[in-house]
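Here's the structure we're looking at; comments come further down.
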Amino acid sequence: MVMDEVKNQTSIEQLKEWDRNHFMHPTSSVRDHQENGAAYTFTKGEGIYLTDIDGREYVDGLSSLWNVNLGHGRSELAEAAKEQMETLPFSSSFNNYSNEPAIKLSRKIAELTPGNLNVTFFTSGGSESNESTFKIIREYWKLKGQPQRTKIVSLQKGYHGVTLAATRATGMDNFNSFGTSYAPGFLNAEPYLTGCEQGDKTHPNYENSIRGVIEREGADTIAAVIMEPIQGAGGLNVPPEGYLQSVRDLCDEFGIFMIADEIVCGFGRTGKMFGVENDGIIPDFMTVAKGITSGYIPLGAVIMKDSFRDELAELTGGVLFHGFTYSGHPTSCAVGLKTLEIIEKENIVPHVKKMETVVENEFSKLKEKHPHVTNERCAGLLGAFDVFKDPEENIPFKPEEAAAPTLSKLCGDLGLIVRPIMYKGANTIAFAPPLISSKSDIEEIFNIFSQALTRFERQVN
Ligand code: PLP
């Protein structure tokens, strides 16, 4: 080994040790990390590919964290950040100070959103966006003379982030019990009971439906209902046709706000600009983050109807006592603006819709070859499948068999990063490759799925 290689080798080992000693990772096993170190340490990204510290290449099958939608290494996004940093890196939006990128981005968002969702409040990410929406809505009801109207209804298996209120809205007990997260006024309903939401009280689970919860608590105590158009982290759950419309109608019936958490679905992921457009509904609020900058820089936003903003202006008169230092960060907004320009210029959204067909075709081939694969689902380039011990007999793998993590690790060994989800006994493999993925990229992903499943079958059969 030449001297340079030895030096390089040492520094890699050093980095791995520093990681173990000093870097606490989010949503990771503290013990596993301390014992085994990081699972992957990436050093480079180019298009849909990532390279790790040991020089191995992987397909970024989850767009990193459902966010690097335009792929890695886009110089236009780096240039937008550089240019803005050299001109005006930061400027506050408090006290009605403003800056050009934030103005232009809010205008662009208004152009892209359906209906009159024309006003944007910027945050630094998804949790802050949901947290802000809850507070703004509760403030509205208070000013409207209905201060008891504070409760937020969300769905089981929904994911809305980890700040105190957002984690309570999150319908996954592993997240919402963490740190004894106490924030009153959050209620979880069972998802996808379309008939109940339309008023059918005969269903055995009616009481757990959103309508059932509203009825039990009293509609005049409910501030808003929040849901993802398609649930991501909770298992990639796609609502049945007509469900979102039934919730929209229910909210209208009781004068309750509907919040669509578009943090994963927004900006093209599902083959429409926003996930709600698959169902043709317009929520009262949308929360966005992730894809708004393709993950290149933190940014989130609450998007509301201008009629709501007008009413709030009339009601408050005074200061909106809510905001983050980085609300409307000029550099983040410049990158956001460039991201949305690229999405339009490169016709990303219709491309994603086309790729949905490729995914569907690949799914049917995968199922033919691999008997454990079932429940395949996708919308645009957001997809998942489950593995069952025996899909026909509906026999799942036992939790101790850790089927999804095993399969995900096999995919990793073969050069594909995906997300295993094991919530409530499921064994789901979720994927969300960059929206620029071509037909052959998707075929490559499914080819790796197939190879990984062959290895998996040898292990479990
Ligand atoms: N909402 C959804 C649907 C998400 O998937 C996420 C993050 O994965 C969040 C909210 C929270 O966003 P953040 O992690 O940026 O706070």
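Residue names in the structure tokens use chain letters A, B, ... in the order shown, residue numbers from 1 in each chain, and ligand numbers from 1 in the order shown.
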I'd like the contact shell of region 93-104 of chain A - 7 Å cut-off, only C-alpha atoms, skipping same-chain residues fewer than 4 positions apart - returned as an NGL selection string. :A and (108 or 327-328 or 330 or 333-334)
As number ranges by chain, please: the residues near Phe397 (chain A) (cut-off 9 Å, only C-alpha atoms, same-chain neighbours under 3 positions excluded). A: 387-390, 400-403, 425-427
So that I have them on file, write out the residues from the current selection with N, CA and C atoms, as a PDB file, in the first residue's frame.
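Produced file part_3.pdb, reproduced below:
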```
ATOM      1  N   VAL A 387     -43.669  -7.699   2.487  1.00  0.00           N
ATOM      2  CA  VAL A 387     -43.338  -9.122   2.378  1.00  0.00           C
ATOM      3  C   VAL A 387     -44.085  -9.862   3.480  1.00  0.00           C
ATOM      4  N   PHE A 388     -44.740 -10.924   3.071  1.00  0.00           N
ATOM      5  CA  PHE A 388     -45.479 -11.807   3.977  1.00  0.00           C
ATOM      6  C   PHE A 388     -44.864 -13.193   3.871  1.00  0.00           C
ATOM      7  N   LYS A 389     -44.919 -13.942   4.955  1.00  0.00           N
ATOM      8  CA  LYS A 389     -44.443 -15.331   4.905  1.00  0.00           C
ATOM      9  C   LYS A 389     -45.266 -16.074   3.847  1.00  0.00           C
ATOM     10  N   ASP A 390     -46.589 -15.917   3.943  1.00  0.00           N
ATOM     11  CA  ASP A 390     -47.470 -16.527   2.952  1.00  0.00           C
ATOM     12  C   ASP A 390     -48.590 -15.529   2.621  1.00  0.00           C
ATOM     13  N   GLU A 400     -39.709 -11.112  15.200  1.00  0.00           N
ATOM     14  CA  GLU A 400     -38.295 -11.457  15.448  1.00  0.00           C
ATOM     15  C   GLU A 400     -37.564 -11.874  14.167  1.00  0.00           C
ATOM     16  N   GLU A 401     -38.339 -12.173  13.117  1.00  0.00           N
ATOM     17  CA  GLU A 401     -37.685 -12.509  11.844  1.00  0.00           C
ATOM     18  C   GLU A 401     -37.161 -11.255  11.133  1.00  0.00           C
ATOM     19  N   ALA A 402     -37.635 -10.106  11.589  1.00  0.00           N
ATOM     20  CA  ALA A 402     -37.177  -8.793  11.065  1.00  0.00           C
ATOM     21  C   ALA A 402     -37.047  -8.802   9.539  1.00  0.00           C
ATOM     22  N   ALA A 403     -38.120  -9.217   8.893  1.00  0.00           N
ATOM     23  CA  ALA A 403     -38.054  -9.426   7.439  1.00  0.00           C
ATOM     24  C   ALA A 403     -37.708  -8.135   6.678  1.00  0.00           C
ATOM     25  N   GLY A 425     -46.303  -4.551  13.122  1.00  0.00           N
ATOM     26  CA  GLY A 425     -46.204  -5.888  12.543  1.00  0.00           C
ATOM     27  C   GLY A 425     -46.056  -5.929  11.026  1.00  0.00           C
ATOM     28  N   ALA A 426     -46.056  -4.759  10.386  1.00  0.00           N
ATOM     29  CA  ALA A 426     -45.903  -4.761   8.922  1.00  0.00           C
ATOM     30  C   ALA A 426     -44.438  -5.017   8.563  1.00  0.00           C
ATOM     31  N   ASN A 427     -44.218  -5.509   7.378  1.00  0.00           N
ATOM     32  CA  ASN A 427     -42.859  -5.608   6.835  1.00  0.00           C
ATOM     33  C   ASN A 427     -42.889  -4.968   5.463  1.00  0.00           C
TER      34      ASN A 427
END
```
Can you tell me, as a list in words, what residues are no more than 9 Å from Gly295 (chain A) when counting only C-alpha atoms, ignoring any on the same chain fewer than 6 positions away?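 Selected residues are Ser63, Ser64, Leu65, Trp66, Asn67, Val68, Asn69, Leu70 and Ala289 of chain A.
With only C-alpha atoms and all ligand atoms as the atoms that count, the minimum distance from ligand 1 to the choices A:Gly234, A:Gly115, A:Pro434, A:Pro371 is reached by A:Gly234.
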Counting only C-alpha atoms and all ligand atoms, figure out which residue out of A:Gly291, A:Gly73, A:Gly37, A:Gly55 gets nearest to ligand 1.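 So, comparing all the options, the nearest one is A:Gly291.
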Do you have, as CSV, the list of residues of chain A lying at most 7 Å from ligand 1, each with its nearest atom pair and that distance in Å to one decimal, counting only C-alpha atoms and all ligand atoms and ordered by chain then number?
```
residue,atom,partner,partner_atom_place_in_ligand_line,distance
A:Leu65,CA,ligand 1,8 (O),6.9
A:Gly125,CA,ligand 1,15 (O),4.0
A:Gly126,CA,ligand 1,12 (O),3.2
A:Ser127,CA,ligand 1,16 (O),3.5
A:Glu128,CA,ligand 1,16 (O),6.2
A:Tyr159,CA,ligand 1,3 (C),5.2
A:His160,CA,ligand 1,1 (N),3.8
A:Gly161,CA,ligand 1,11 (C),3.6
A:Val162,CA,ligand 1,16 (O),6.5
A:Glu228,CA,ligand 1,3 (C),5.9
A:Gln231,CA,ligand 1,3 (C),6.8
A:Gly232,CA,ligand 1,5 (O),5.9
A:Ala233,CA,ligand 1,5 (O),6.0
A:Asp261,CA,ligand 1,3 (C),5.7
A:Glu262,CA,ligand 1,3 (C),6.3
A:Ile263,CA,ligand 1,3 (C),4.8
A:Val264,CA,ligand 1,5 (O),5.2
A:Ala289,CA,ligand 1,15 (O),6.2
A:Lys290,CA,ligand 1,15 (O),6.5
```
Phe285 (chain A): which residues within 10 Å, counting only C-alpha atoms, same-chain residues fewer than 5 positions away excluded, as an NGL selection string? :A and (117 or 119-120 or 130 or 133 or 137 or 224 or 226 or 257-262 or 302-305 or 308)
Counting only C-alpha atoms, what are the residues of region 326-355 of chain A within 9 Å of region 265-270 of chain A, and for each of them which pair of atoms is the nearest and at what distance in Å, to one decimal? Sort the table by chain and rising number, as JSON lines.
```
{"residue": "A:Leu340", "atom": "CA", "partner": "A:Phe267", "partner_atom": "CA", "distance": 7.9}
{"residue": "A:Ile343", "atom": "CA", "partner": "A:Phe267", "partner_atom": "CA", "distance": 7.9}
{"residue": "A:Ile348", "atom": "CA", "partner": "A:Gly268", "partner_atom": "CA", "distance": 7.0}
{"residue": "A:Val349", "atom": "CA", "partner": "A:Gly268", "partner_atom": "CA", "distance": 4.9}
{"residue": "A:Pro350", "atom": "CA", "partner": "A:Gly268", "partner_atom": "CA", "distance": 8.4}
{"residue": "A:Val352", "atom": "CA", "partner": "A:Gly268", "partner_atom": "CA", "distance": 7.1}
{"residue": "A:Lys353", "atom": "CA", "partner": "A:Thr270", "partner_atom": "CA", "distance": 7.3}
```
Store the residues picked out above, limited to C-alpha atoms, as a PDB file, in the first residue's frame.
```
ATOM      1  CA  LEU A 340     -39.444  25.040  -8.496  1.00  0.00           C
ATOM      2  CA  ILE A 343     -39.431  21.278 -11.766  1.00  0.00           C
ATOM      3  CA  ILE A 348     -40.764  16.812 -13.851  1.00  0.00           C
ATOM      4  CA  VAL A 349     -44.400  16.300 -12.825  1.00  0.00           C
ATOM      5  CA  PRO A 350     -45.635  14.711 -16.103  1.00  0.00           C
ATOM      6  CA  VAL A 352     -43.169  11.256 -12.747  1.00  0.00           C
ATOM      7  CA  LYS A 353     -46.684  10.350 -13.860  1.00  0.00           C
TER       8      LYS A 353
END
```
DSSP strand (DSSP E or B) selection over region 109-284 of chain A, as a PDB file with N, CA and C atoms, in the first residue's frame:
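Output contents, as saved in result_28.pdb:
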```pdb
ATOM      1  N   LEU A 117     -55.004  29.028  -2.389  1.00  0.00           N
ATOM      2  CA  LEU A 117     -53.918  28.835  -1.409  1.00  0.00           C
ATOM      3  C   LEU A 117     -52.765  29.748  -1.832  1.00  0.00           C
ATOM      4  N   ASN A 118     -52.884  31.003  -1.467  1.00  0.00           N
ATOM      5  CA  ASN A 118     -52.018  32.020  -2.065  1.00  0.00           C
ATOM      6  C   ASN A 118     -51.056  32.696  -1.111  1.00  0.00           C
ATOM      7  N   VAL A 119     -51.107  32.320   0.183  1.00  0.00           N
ATOM      8  CA  VAL A 119     -50.282  33.038   1.160  1.00  0.00           C
ATOM      9  C   VAL A 119     -49.382  32.041   1.887  1.00  0.00           C
ATOM     10  N   THR A 120     -48.092  32.373   1.976  1.00  0.00           N
ATOM     11  CA  THR A 120     -47.114  31.451   2.552  1.00  0.00           C
ATOM     12  C   THR A 120     -46.444  32.027   3.792  1.00  0.00           C
ATOM     13  N   PHE A 121     -46.352  31.205   4.818  1.00  0.00           N
ATOM     14  CA  PHE A 121     -45.567  31.522   6.019  1.00  0.00           C
ATOM     15  C   PHE A 121     -44.385  30.558   6.032  1.00  0.00           C
ATOM     16  N   PHE A 122     -43.161  31.085   5.993  1.00  0.00           N
ATOM     17  CA  PHE A 122     -41.990  30.195   5.879  1.00  0.00           C
ATOM     18  C   PHE A 122     -41.482  29.712   7.234  1.00  0.00           C
ATOM     19  N   THR A 123     -40.977  28.476   7.216  1.00  0.00           N
ATOM     20  CA  THR A 123     -40.362  27.858   8.401  1.00  0.00           C
ATOM     21  C   THR A 123     -39.038  27.220   7.936  1.00  0.00           C
ATOM     22  N   LYS A 151     -58.815  21.448  19.459  1.00  0.00           N
ATOM     23  CA  LYS A 151     -58.397  20.063  19.219  1.00  0.00           C
ATOM     24  C   LYS A 151     -58.040  19.796  17.753  1.00  0.00           C
ATOM     25  N   ILE A 152     -57.026  18.991  17.597  1.00  0.00           N
ATOM     26  CA  ILE A 152     -56.553  18.626  16.255  1.00  0.00           C
ATOM     27  C   ILE A 152     -56.754  17.125  16.093  1.00  0.00           C
ATOM     28  N   VAL A 153     -57.436  16.737  15.023  1.00  0.00           N
ATOM     29  CA  VAL A 153     -57.632  15.307  14.750  1.00  0.00           C
ATOM     30  C   VAL A 153     -56.668  14.888  13.632  1.00  0.00           C
ATOM     31  N   SER A 154     -55.929  13.826  13.906  1.00  0.00           N
ATOM     32  CA  SER A 154     -55.019  13.288  12.885  1.00  0.00           C
ATOM     33  C   SER A 154     -55.301  11.801  12.732  1.00  0.00           C
ATOM     34  N   LEU A 155     -54.572  11.155  11.832  1.00  0.00           N
ATOM     35  CA  LEU A 155     -54.836   9.735  11.556  1.00  0.00           C
ATOM     36  C   LEU A 155     -53.782   8.827  12.187  1.00  0.00           C
ATOM     37  N   PHE A 186     -54.806  16.576  21.170  1.00  0.00           N
ATOM     38  CA  PHE A 186     -54.544  15.848  19.921  1.00  0.00           C
ATOM     39  C   PHE A 186     -55.252  14.508  19.952  1.00  0.00           C
ATOM     40  N   LEU A 187     -55.988  14.224  18.906  1.00  0.00           N
ATOM     41  CA  LEU A 187     -56.812  13.008  18.854  1.00  0.00           C
ATOM     42  C   LEU A 187     -56.483  12.245  17.582  1.00  0.00           C
ATOM     43  N   ASN A 188     -56.395  10.944  17.734  1.00  0.00           N
ATOM     44  CA  ASN A 188     -56.088  10.099  16.584  1.00  0.00           C
ATOM     45  C   ASN A 188     -57.324   9.354  16.114  1.00  0.00           C
ATOM     46  N   ALA A 189     -57.557   9.366  14.814  1.00  0.00           N
ATOM     47  CA  ALA A 189     -58.689   8.622  14.265  1.00  0.00           C
ATOM     48  C   ALA A 189     -58.164   7.490  13.379  1.00  0.00           C
ATOM     49  N   ILE A 222     -63.297  21.237  17.924  1.00  0.00           N
ATOM     50  CA  ILE A 222     -62.297  20.756  16.953  1.00  0.00           C
ATOM     51  C   ILE A 222     -61.816  21.920  16.077  1.00  0.00           C
ATOM     52  N   ALA A 223     -60.505  22.150  16.098  1.00  0.00           N
ATOM     53  CA  ALA A 223     -59.930  23.246  15.306  1.00  0.00           C
ATOM     54  C   ALA A 223     -59.634  22.801  13.886  1.00  0.00           C
ATOM     55  N   ALA A 224     -59.076  21.589  13.747  1.00  0.00           N
ATOM     56  CA  ALA A 224     -58.627  21.168  12.412  1.00  0.00           C
ATOM     57  C   ALA A 224     -58.419  19.665  12.352  1.00  0.00           C
ATOM     58  N   VAL A 225     -58.419  19.180  11.122  1.00  0.00           N
ATOM     59  CA  VAL A 225     -58.058  17.788  10.828  1.00  0.00           C
ATOM     60  C   VAL A 225     -56.801  17.847   9.966  1.00  0.00           C
ATOM     61  N   ILE A 226     -55.818  17.011  10.289  1.00  0.00           N
ATOM     62  CA  ILE A 226     -54.593  16.984   9.471  1.00  0.00           C
ATOM     63  C   ILE A 226     -54.341  15.584   8.953  1.00  0.00           C
ATOM     64  N   MET A 227     -53.899  15.492   7.715  1.00  0.00           N
ATOM     65  CA  MET A 227     -53.508  14.183   7.170  1.00  0.00           C
ATOM     66  C   MET A 227     -52.570  14.356   5.986  1.00  0.00           C
ATOM     67  N   GLN A 231     -49.845   8.403   3.259  1.00  0.00           N
ATOM     68  CA  GLN A 231     -48.988   8.316   4.442  1.00  0.00           C
ATOM     69  C   GLN A 231     -47.619   7.759   4.055  1.00  0.00           C
ATOM     70  N   ASN A 237     -49.162   4.298   3.065  1.00  0.00           N
ATOM     71  CA  ASN A 237     -50.567   3.890   2.971  1.00  0.00           C
ATOM     72  C   ASN A 237     -51.325   4.841   2.049  1.00  0.00           C
ATOM     73  N   PHE A 257     -61.157  23.245   9.869  1.00  0.00           N
ATOM     74  CA  PHE A 257     -60.122  23.388   8.844  1.00  0.00           C
ATOM     75  C   PHE A 257     -59.512  22.035   8.484  1.00  0.00           C
ATOM     76  N   MET A 258     -59.200  21.887   7.208  1.00  0.00           N
ATOM     77  CA  MET A 258     -58.509  20.683   6.747  1.00  0.00           C
ATOM     78  C   MET A 258     -57.068  21.054   6.359  1.00  0.00           C
ATOM     79  N   ILE A 259     -56.131  20.358   6.994  1.00  0.00           N
ATOM     80  CA  ILE A 259     -54.711  20.602   6.703  1.00  0.00           C
ATOM     81  C   ILE A 259     -54.167  19.395   5.930  1.00  0.00           C
ATOM     82  N   ALA A 260     -53.583  19.646   4.771  1.00  0.00           N
ATOM     83  CA  ALA A 260     -52.911  18.561   4.040  1.00  0.00           C
ATOM     84  C   ALA A 260     -51.410  18.679   4.287  1.00  0.00           C
ATOM     85  N   ASP A 261     -50.848  17.635   4.883  1.00  0.00           N
ATOM     86  CA  ASP A 261     -49.404  17.593   5.104  1.00  0.00           C
ATOM     87  C   ASP A 261     -48.771  17.067   3.813  1.00  0.00           C
TER      88      ASP A 261
END
```
Neighbouring residues of Lys439 (chain A) were defined as those with any atom within 12 Å, considering only C-alpha atoms; residues of the same chain fewer than 5 positions away were excluded. Please report them as a list in words. His351, Val352, Lys353, Lys354, Met355, Glu356, Thr357, Val358, Val359, Glu360, Asn361, Glu362, Leu381, Pro433, Glu444, Ile445 and Phe446 of chain A
Using only C-alpha atoms for the distances, tell me which of A:Ser332, A:Ser181, A:Gln459, A:Thr325 is nearest to Met85 (chain A).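 Once distances to Met85 (chain A) are computed over only C-alpha atoms, the minimum belongs to A:Ser332.
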Which residue of A:Pro89, A:Pro239, A:Pro26, A:Gly71 approaches Tyr326 (chain A) most closely, using only C-alpha atoms: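 Ranked by minimum distance to Tyr326 (chain A), first place goes to A:Pro89.
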Computed interatomic separation between CA of Arg20 (chain A) and CA of Thr41 (chain A) (Å):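 That distance, rounded to one decimal, is 11.7 Å.
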With only C-alpha atoms as the counted atoms, please give the residues lying no more than 12 Å from Glu341 (chain A), apart from itself and same-chain residues fewer than 5 positions off, as a ChimeraX atom specification. /A:70,76-77,80,104-105,108-109,111-112,267,292-294,334-336,346-348
Would you give me, as an NGL selection string, the residues in region 96-221 of chain A that DSSP reads as helix (DSSP H, G or I)? :A and (96 or 100-112 or 126-143 or 164-169 or 173-176 or 178-180 or 194-197 or 206-208 or 210-217 or 219-221)
Prev. selection, C-alpha atoms, output as a compact mmCIF listing (two decimals), in the first residue's frame:
```
# COMPACT_ATOMS: atom_id res chain seq x y z
CA ASN A 96 -42.27 43.19 8.21
CA GLU A 100 -36.44 39.33 -2.79
CA PRO A 101 -36.07 35.52 -2.84
CA ALA A 102 -38.76 35.08 -0.16
CA ILE A 103 -41.13 37.38 -2.04
CA LYS A 104 -40.55 35.61 -5.36
CA LEU A 105 -40.84 32.14 -3.83
CA SER A 106 -44.13 32.96 -2.08
CA ARG A 107 -45.43 34.27 -5.41
CA LYS A 108 -44.28 31.12 -7.21
CA ILE A 109 -45.95 28.88 -4.62
CA ALA A 110 -49.20 30.81 -5.10
CA GLU A 111 -48.94 30.10 -8.83
CA LEU A 112 -48.44 26.36 -8.33
CA GLY A 126 -41.72 20.02 8.18
CA SER A 127 -42.31 19.79 11.93
CA GLU A 128 -42.13 23.56 12.29
CA SER A 129 -44.64 23.91 9.47
CA ASN A 130 -47.19 21.65 11.14
CA GLU A 131 -46.52 23.18 14.55
CA SER A 132 -47.01 26.67 13.08
CA THR A 133 -50.25 25.68 11.38
CA PHE A 134 -51.72 24.35 14.63
CA LYS A 135 -50.80 27.55 16.47
CA ILE A 136 -52.03 29.91 13.77
CA ILE A 137 -55.35 28.03 13.53
CA ARG A 138 -55.80 27.95 17.31
CA GLU A 139 -55.05 31.69 17.46
CA TYR A 140 -57.68 32.27 14.78
CA TRP A 141 -60.35 30.38 16.71
CA LYS A 142 -59.42 32.22 19.89
CA LEU A 143 -59.79 35.57 18.14
CA LEU A 164 -44.09 18.74 20.78
CA ALA A 165 -47.39 19.29 19.01
CA ALA A 166 -46.35 17.68 15.71
CA THR A 167 -45.26 14.55 17.54
CA ARG A 168 -48.65 14.38 19.26
CA ALA A 169 -50.36 14.66 15.89
CA ASP A 173 -46.92 5.51 19.35
CA ASN A 174 -43.18 4.91 19.07
CA PHE A 175 -42.80 8.58 18.13
CA ASN A 176 -45.58 10.21 20.11
CA PHE A 178 -41.07 9.60 23.15
CA GLY A 179 -39.92 11.91 25.92
CA THR A 180 -43.36 11.80 27.57
CA THR A 194 -64.75 6.51 3.97
CA GLY A 195 -68.28 5.28 4.66
CA CYS A 196 -68.17 6.50 8.27
CA GLU A 197 -66.87 9.90 7.21
CA TYR A 206 -67.49 4.21 13.53
CA GLU A 207 -66.45 5.63 16.92
CA ASN A 208 -62.82 5.68 15.79
CA ILE A 210 -62.89 11.20 12.23
CA ARG A 211 -66.65 11.75 12.26
CA GLY A 212 -66.99 9.52 15.32
CA VAL A 213 -64.25 11.45 17.14
CA ILE A 214 -65.83 14.80 16.19
CA GLU A 215 -69.21 13.59 17.42
CA ARG A 216 -67.77 12.33 20.70
CA GLU A 217 -65.71 15.46 21.43
CA ALA A 219 -67.57 19.71 16.72
CA ASP A 220 -67.24 23.09 18.42
CA THR A 221 -64.04 21.89 20.15
```
With only C-alpha atoms as the atoms that count, which of A:Asp441, A:Leu236, A:Val319, A:Gly380 lies nearest to Met422 (chain A)?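 Closest candidate: A:Leu236.
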Just give me the gap between CA of Gln198 (chain A) and CA of Pro240 (chain A) in Å, one decimal is fine.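 According to the coordinates, CA of Gln198 (chain A) and CA of Pro240 (chain A) are separated by 13.6 Å.
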Quick check, in Å to one decimal: how far apart do CA of Asn447 (chain A) and CA of Gly45 (chain A) lie?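 For CA of Asn447 (chain A) relative to CA of Gly45 (chain A), the distance reads 21.2 Å.
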